[in-house]
Amino acid sequence: MATAAVPDKISEEYYQISEAILESFPKYRPPLDFFVFKTDIAQLVAYSRKGDRLSNEQVEETRRLCSEGDLFVARSDHPIYSQHIVKQLDLVLVDQNLKEAEVADICLRALDLRLADFLEQPVKALFDFLYSDIQVITEYLWNDMHRMRLFIRRLHRGEYSLQHHCINTFCIGLWLFVESKGEELRRKDFDQAALSLLLHDVGMVKIPSFILSKTTPLKSEEKDKIPPHTLLGYKIMHKLDQSFDTLRQATLEHHERLDGSGYPQHSKDISSFGRLVAVADAFSAMIQTRPYAAAKDCLGAARELTEEKNRFDFAYSSKLLGAFISEAFGRMK
Ligand SMILES: [Fe+2]
Ligand SMILES: [Fe+2]
């Protein structure tokens, strides 16, 4: 695409739409306003309004303008745009005009959508959609690991929900994984860790819904129904032909504790990745409101985990605490 010399002030408020994105819109009735850059006056002028019916000639013209880098949309239309792109996530990889914060929003929305569908019905077809979005996100992050900061800034707070808890565990755990691997990090491990973190709790879908939706603390016989979610999660993924090491460790070991006080095995012999997921999972559980506990702030939650050295791996919990103390992700509550 040719790049027009667009003044900075304009690119703050508008962005050049890429050809791939334009192609993905309904061509006769684009869902948002188009603007055209007029080189002679160095200004944008309105071209069409959202929902207008374009003629054949206009459709051709918008294509030409787009290929010349002169077709723009308003950043204030970001919600419409992101709603549209969220179902074709690979487009974020080809669009050079989105800001990184906008891409992070879109990626997390896509994950939310795909994960909700899969947790509702954990079958192959829905797993495939989720899997391909995870591939897009890991590709995006792999190209610049600093982008992970923007994902962590968007952690879900407030009321607990399974999918938000899983997404938070994914963001925190993946950051911990990258930090602890350092130079040894390989792309395949990164991708597998991402999938494993996101699906560590998939077995929860097999737990009776009245237990999950209870707003009062669980009775002890109800609590007994929770531990099997670890093995059930592993079985679900195994059925979908996903049974690599990190996935097995994430599903089976995330509730095990170093002193043997965890479940389901009460094991003290926990894999390194299992210990990492345990920290990411416990942290994520603490920052959302549960029937039995109010949400904690990020710094407080990380600090609490470092104080439980006998149960949680201090190498991971201290890394997390260090990041919140130094505001590595920006200032967070
Ligand atoms: Fe769990
Ligand atoms: Fe969890």
# chains A, B, ... in the order shown; residues from 1 in each chain; ligands from 1
>>> select_by_dssp(residues="segment 32-99 of chain A", states="strand (DSSP E or B)", output="list in words")
Phe34, Phe35, Val36, Phe37, Lys38, Gln43, Leu44, Val45, Ala46, Tyr47, Ser48, Leu71, Phe72, Val73 and Ala74 of chain A
>>> write_last_selection(atoms="N, CA and C atoms", output="short mmCIF file (atom, residue, chain, number, x, y, z; two decimals), in the first residue's frame")
data_model
loop_
_atom_site.label_atom_id
_atom_site.label_comp_id
_atom_site.auth_asym_id
_atom_site.auth_seq_id
_atom_site.Cartn_x
_atom_site.Cartn_y
_atom_site.Cartn_z
N PHE A 34 -16.45 6.26 6.08
CA PHE A 34 -15.17 6.33 5.36
C PHE A 34 -14.79 7.79 5.15
N PHE A 35 -13.51 8.03 5.17
CA PHE A 35 -12.98 9.38 4.89
C PHE A 35 -11.88 9.24 3.86
N VAL A 36 -11.72 10.32 3.07
CA VAL A 36 -10.68 10.29 2.03
C VAL A 36 -9.69 11.41 2.30
N PHE A 37 -8.42 11.07 2.11
CA PHE A 37 -7.39 12.09 2.30
C PHE A 37 -7.19 12.86 1.00
N LYS A 38 -7.37 14.16 1.09
CA LYS A 38 -7.15 15.02 -0.09
C LYS A 38 -5.76 15.63 0.02
N GLN A 43 -6.08 17.32 3.99
CA GLN A 43 -7.15 17.11 4.97
C GLN A 43 -8.00 15.91 4.60
N LEU A 44 -8.71 15.41 5.60
CA LEU A 44 -9.65 14.33 5.33
C LEU A 44 -11.03 14.91 5.07
N VAL A 45 -11.71 14.34 4.11
CA VAL A 45 -13.11 14.75 3.90
C VAL A 45 -13.98 13.49 3.96
N ALA A 46 -15.24 13.68 4.39
CA ALA A 46 -16.14 12.53 4.52
C ALA A 46 -16.39 11.94 3.15
N TYR A 47 -16.40 10.62 3.05
CA TYR A 47 -16.67 9.95 1.77
C TYR A 47 -18.04 9.29 1.81
N SER A 48 -18.27 8.47 2.82
CA SER A 48 -19.59 7.84 2.97
C SER A 48 -19.87 7.61 4.44
N LEU A 71 -7.73 5.93 1.98
CA LEU A 71 -9.04 5.68 2.61
C LEU A 71 -8.85 5.50 4.12
N PHE A 72 -9.67 6.23 4.88
CA PHE A 72 -9.49 6.25 6.34
C PHE A 72 -10.80 5.94 7.07
N VAL A 73 -10.65 5.46 8.29
CA VAL A 73 -11.80 5.35 9.20
C VAL A 73 -11.42 6.06 10.52
N ALA A 74 -12.46 6.43 11.27
CA ALA A 74 -12.19 7.18 12.51
C ALA A 74 -11.84 6.22 13.63
#
>>> closest_atom_pairs(of="chain A", to="ligand 2", cutoff="8 Å", atoms="only C-alpha atoms and all ligand atoms", output="Markdown table")
| residue | atom | partner | partner_atom_place_in_ligand_line | distance |
| --- | --- | --- | --- | --- |
| A:Leu162 | CA | ligand 2 | 1 (Fe) | 7.9 |
| A:His165 | CA | ligand 2 | 1 (Fe) | 6.6 |
| A:Cys166 | CA | ligand 2 | 1 (Fe) | 6.4 |
| A:Thr169 | CA | ligand 2 | 1 (Fe) | 7.2 |
| A:His200 | CA | ligand 2 | 1 (Fe) | 6.4 |
| A:Asp201 | CA | ligand 2 | 1 (Fe) | 5.1 |
| A:His254 | CA | ligand 2 | 1 (Fe) | 7.4 |
| A:Asp281 | CA | ligand 2 | 1 (Fe) | 4.7 |
| A:Ala282 | CA | ligand 2 | 1 (Fe) | 7.0 |
| A:Ser284 | CA | ligand 2 | 1 (Fe) | 7.5 |
| A:Ala285 | CA | ligand 2 | 1 (Fe) | 6.8 |
>>> closest_atom_pairs(of="chain A", to="ligand 1", cutoff="9 Å", atoms="only C-alpha atoms and all ligand atoms", output="CSV")
residue,atom,partner,partner_atom_place_in_ligand_line,distance
A:His200,CA,ligand 1,1 (Fe),6.7
A:Asp201,CA,ligand 1,1 (Fe),4.8
A:Val202,CA,ligand 1,1 (Fe),8.2
A:Gly203,CA,ligand 1,1 (Fe),7.9
A:Met204,CA,ligand 1,1 (Fe),7.2
A:Ile226,CA,ligand 1,1 (Fe),8.1
A:Pro227,CA,ligand 1,1 (Fe),7.7
A:His229,CA,ligand 1,1 (Fe),6.7
A:Thr230,CA,ligand 1,1 (Fe),6.4
A:Thr251,CA,ligand 1,1 (Fe),7.5
A:Leu252,CA,ligand 1,1 (Fe),8.8
A:Glu253,CA,ligand 1,1 (Fe),8.9
A:His254,CA,ligand 1,1 (Fe),6.4
A:His255,CA,ligand 1,1 (Fe),6.3
A:Ala278,CA,ligand 1,1 (Fe),8.8
A:Asp281,CA,ligand 1,1 (Fe),7.4
A:Ala282,CA,ligand 1,1 (Fe),8.9
>>> write_last_selection(atoms="N, CA and C atoms", output="PDB file, in the first residue's frame")
ATOM      1  N   HIS A 200      -6.263 -24.512  31.443  1.00  0.00           N
ATOM      2  CA  HIS A 200      -5.934 -25.261  32.663  1.00  0.00           C
ATOM      3  C   HIS A 200      -7.190 -25.690  33.417  1.00  0.00           C
ATOM      4  N   ASP A 201      -8.257 -24.884  33.312  1.00  0.00           N
ATOM      5  CA  ASP A 201      -9.484 -25.140  34.073  1.00  0.00           C
ATOM      6  C   ASP A 201     -10.631 -25.654  33.207  1.00  0.00           C
ATOM      7  N   VAL A 202     -10.320 -26.165  32.033  1.00  0.00           N
ATOM      8  CA  VAL A 202     -11.410 -26.563  31.127  1.00  0.00           C
ATOM      9  C   VAL A 202     -12.312 -27.623  31.770  1.00  0.00           C
ATOM     10  N   GLY A 203     -11.756 -28.409  32.687  1.00  0.00           N
ATOM     11  CA  GLY A 203     -12.557 -29.441  33.357  1.00  0.00           C
ATOM     12  C   GLY A 203     -13.698 -28.877  34.198  1.00  0.00           C
ATOM     13  N   MET A 204     -13.644 -27.581  34.499  1.00  0.00           N
ATOM     14  CA  MET A 204     -14.722 -26.964  35.277  1.00  0.00           C
ATOM     15  C   MET A 204     -16.068 -27.035  34.556  1.00  0.00           C
ATOM     16  N   ILE A 226     -15.322 -30.280  43.331  1.00  0.00           N
ATOM     17  CA  ILE A 226     -14.418 -29.439  42.537  1.00  0.00           C
ATOM     18  C   ILE A 226     -13.109 -30.149  42.115  1.00  0.00           C
ATOM     19  N   PRO A 227     -12.406 -30.839  43.020  1.00  0.00           N
ATOM     20  CA  PRO A 227     -11.102 -31.398  42.628  1.00  0.00           C
ATOM     21  C   PRO A 227     -11.087 -32.230  41.342  1.00  0.00           C
ATOM     22  N   HIS A 229     -12.132 -31.645  38.601  1.00  0.00           N
ATOM     23  CA  HIS A 229     -12.035 -30.856  37.363  1.00  0.00           C
ATOM     24  C   HIS A 229     -10.630 -30.933  36.758  1.00  0.00           C
ATOM     25  N   THR A 230      -9.644 -31.268  37.587  1.00  0.00           N
ATOM     26  CA  THR A 230      -8.275 -31.345  37.066  1.00  0.00           C
ATOM     27  C   THR A 230      -8.155 -32.520  36.071  1.00  0.00           C
ATOM     28  N   THR A 251      -3.344 -28.861  33.485  1.00  0.00           N
ATOM     29  CA  THR A 251      -4.659 -29.333  33.933  1.00  0.00           C
ATOM     30  C   THR A 251      -4.551 -30.132  35.233  1.00  0.00           C
ATOM     31  N   LEU A 252      -3.559 -31.006  35.314  1.00  0.00           N
ATOM     32  CA  LEU A 252      -3.494 -31.926  36.465  1.00  0.00           C
ATOM     33  C   LEU A 252      -2.836 -31.338  37.707  1.00  0.00           C
ATOM     34  N   GLU A 253      -1.932 -30.372  37.508  1.00  0.00           N
ATOM     35  CA  GLU A 253      -1.097 -29.954  38.647  1.00  0.00           C
ATOM     36  C   GLU A 253      -1.384 -28.553  39.190  1.00  0.00           C
ATOM     37  N   HIS A 254      -2.293 -27.809  38.572  1.00  0.00           N
ATOM     38  CA  HIS A 254      -2.382 -26.403  38.992  1.00  0.00           C
ATOM     39  C   HIS A 254      -2.925 -26.219  40.411  1.00  0.00           C
ATOM     40  N   HIS A 255      -3.512 -27.256  40.993  1.00  0.00           N
ATOM     41  CA  HIS A 255      -3.955 -27.140  42.398  1.00  0.00           C
ATOM     42  C   HIS A 255      -3.053 -27.901  43.370  1.00  0.00           C
ATOM     43  N   ALA A 278       0.258 -22.887  38.848  1.00  0.00           N
ATOM     44  CA  ALA A 278      -0.339 -22.743  40.179  1.00  0.00           C
ATOM     45  C   ALA A 278      -0.280 -21.277  40.642  1.00  0.00           C
ATOM     46  N   ASP A 281      -2.607 -19.159  38.361  1.00  0.00           N
ATOM     47  CA  ASP A 281      -3.999 -19.502  38.651  1.00  0.00           C
ATOM     48  C   ASP A 281      -4.454 -18.896  39.991  1.00  0.00           C
ATOM     49  N   ALA A 282      -3.621 -19.055  41.017  1.00  0.00           N
ATOM     50  CA  ALA A 282      -4.002 -18.536  42.338  1.00  0.00           C
ATOM     51  C   ALA A 282      -4.076 -17.012  42.298  1.00  0.00           C
TER      52      ALA A 282
END
>>> residues_around(residues="Ile17 of chain A", least_positions_apart="4", cutoff="9 Å", atoms="only C-alpha atoms", output="list in words")
Ile21, Leu22, Cys66, Gly69, Asp70, Leu71, Phe72, Val73, Asp95, Gln96, Asn97 and Leu98 of chain A
>>> residues_around(residues="segment 58-61 of chain A", least_positions_apart="4", cutoff="8 Å", atoms="only C-alpha atoms", output="MDAnalysis selection string")
chainID A and resid 27:28 54 65
>>> residues_around(residues="Ser318 of chain A", least_positions_apart="6", cutoff="10 Å", atoms="only C-alpha atoms", output="PyMOL selection string")
chain A and resi 302-303+305-307+309+324
>>> atom_distance(atom1="atom CA of Asp128 of chain A", atom2="atom CA of Ser24 of chain A")
20.8 Å
>>> atom_distance(atom1="atom CA of Ile152 of chain A", atom2="atom CA of Leu321 of chain A")
13.7 Å
>>> closest_residue(among="A:Pro7, A:Phe244, A:Lys206, A:Tyr15", to="Gln121 of chain A", atoms="only C-alpha atoms")
A:Lys206
>>> atom_distance(atom1="atom CA of Asp245 of chain A", atom2="atom CA of Leu232 of chain A")
16.1 Å
>>> closest_residue(among="A:His266, A:Leu231, A:Ser213, A:Glu221", to="Pro291 of chain A", atoms="only C-alpha atoms")
A:Ser213
>>> residues_around(residues="segment 328-331 of chain A", least_positions_apart="6", cutoff="12 Å", atoms="only C-alpha atoms", output="VMD selection string")
chain A and resid 146 to 155 171 to 172 175 297 to 299 319 to 322
>>> write_last_selection(atoms="C-alpha atoms", output="compact mmCIF listing (two decimals), in the first residue's frame")
# COMPACT_ATOMS: atom_id res chain seq x y z
CA HIS A 146 6.74 -6.14 25.16
CA ARG A 147 3.21 -6.32 23.85
CA MET A 148 2.40 -8.66 26.69
CA ARG A 149 2.38 -5.66 29.00
CA LEU A 150 -0.71 -4.34 27.21
CA PHE A 151 -2.48 -7.65 27.71
CA ILE A 152 -1.70 -7.63 31.43
CA ARG A 153 -2.95 -4.07 31.74
CA ARG A 154 -6.29 -5.42 30.58
CA LEU A 155 -6.71 -8.16 33.21
CA CYS A 171 -1.84 -13.38 30.44
CA ILE A 172 -0.02 -13.66 33.77
CA TRP A 175 4.47 -13.45 30.98
CA ASP A 297 -5.40 -5.61 44.28
CA CYS A 298 -2.61 -7.03 42.08
CA LEU A 299 0.24 -6.00 44.34
CA LYS A 319 9.05 -12.43 39.86
CA LEU A 320 5.42 -11.42 39.73
CA LEU A 321 5.67 -9.31 42.86
CA GLY A 322 8.80 -7.61 41.50
>>> closest_residue(among="A:Ser209, A:Arg187, A:Gln249, A:Gln265", to="Pro228 of chain A", atoms="only C-alpha atoms")
A:Gln265
>>> select_by_dssp(residues="segment 125-227 of chain A", states="alpha helix (DSSP H)", output="ChimeraX atom specification")
/A:125-143,148-152,162-181,187-198,209-212,220-223
>>> residues_around(residues="Asp241 of chain A", least_positions_apart="4", cutoff="12 Å", atoms="only C-alpha atoms", output="list in words")
Val123, Lys124, Phe127, Asp128, Tyr234, Lys235, Ile236, Met237, Leu247 and Arg248 of chain A
>>> write_last_selection(atoms="C-alpha atoms", output="short mmCIF file (atom, residue, chain, number, x, y, z; two decimals), in the first residue's frame")
data_model
loop_
_atom_site.label_atom_id
_atom_site.label_comp_id
_atom_site.auth_asym_id
_atom_site.auth_seq_id
_atom_site.Cartn_x
_atom_site.Cartn_y
_atom_site.Cartn_z
CA VAL A 123 -15.98 -29.95 20.94
CA LYS A 124 -13.43 -30.14 18.13
CA PHE A 127 -11.61 -25.87 19.73
CA ASP A 128 -10.29 -25.29 16.21
CA TYR A 234 -7.03 -33.46 31.00
CA LYS A 235 -9.48 -36.01 29.61
CA ILE A 236 -11.35 -33.40 27.57
CA MET A 237 -8.14 -32.25 25.95
CA LEU A 247 -1.14 -29.23 28.88
CA ARG A 248 -1.09 -32.31 31.08
#
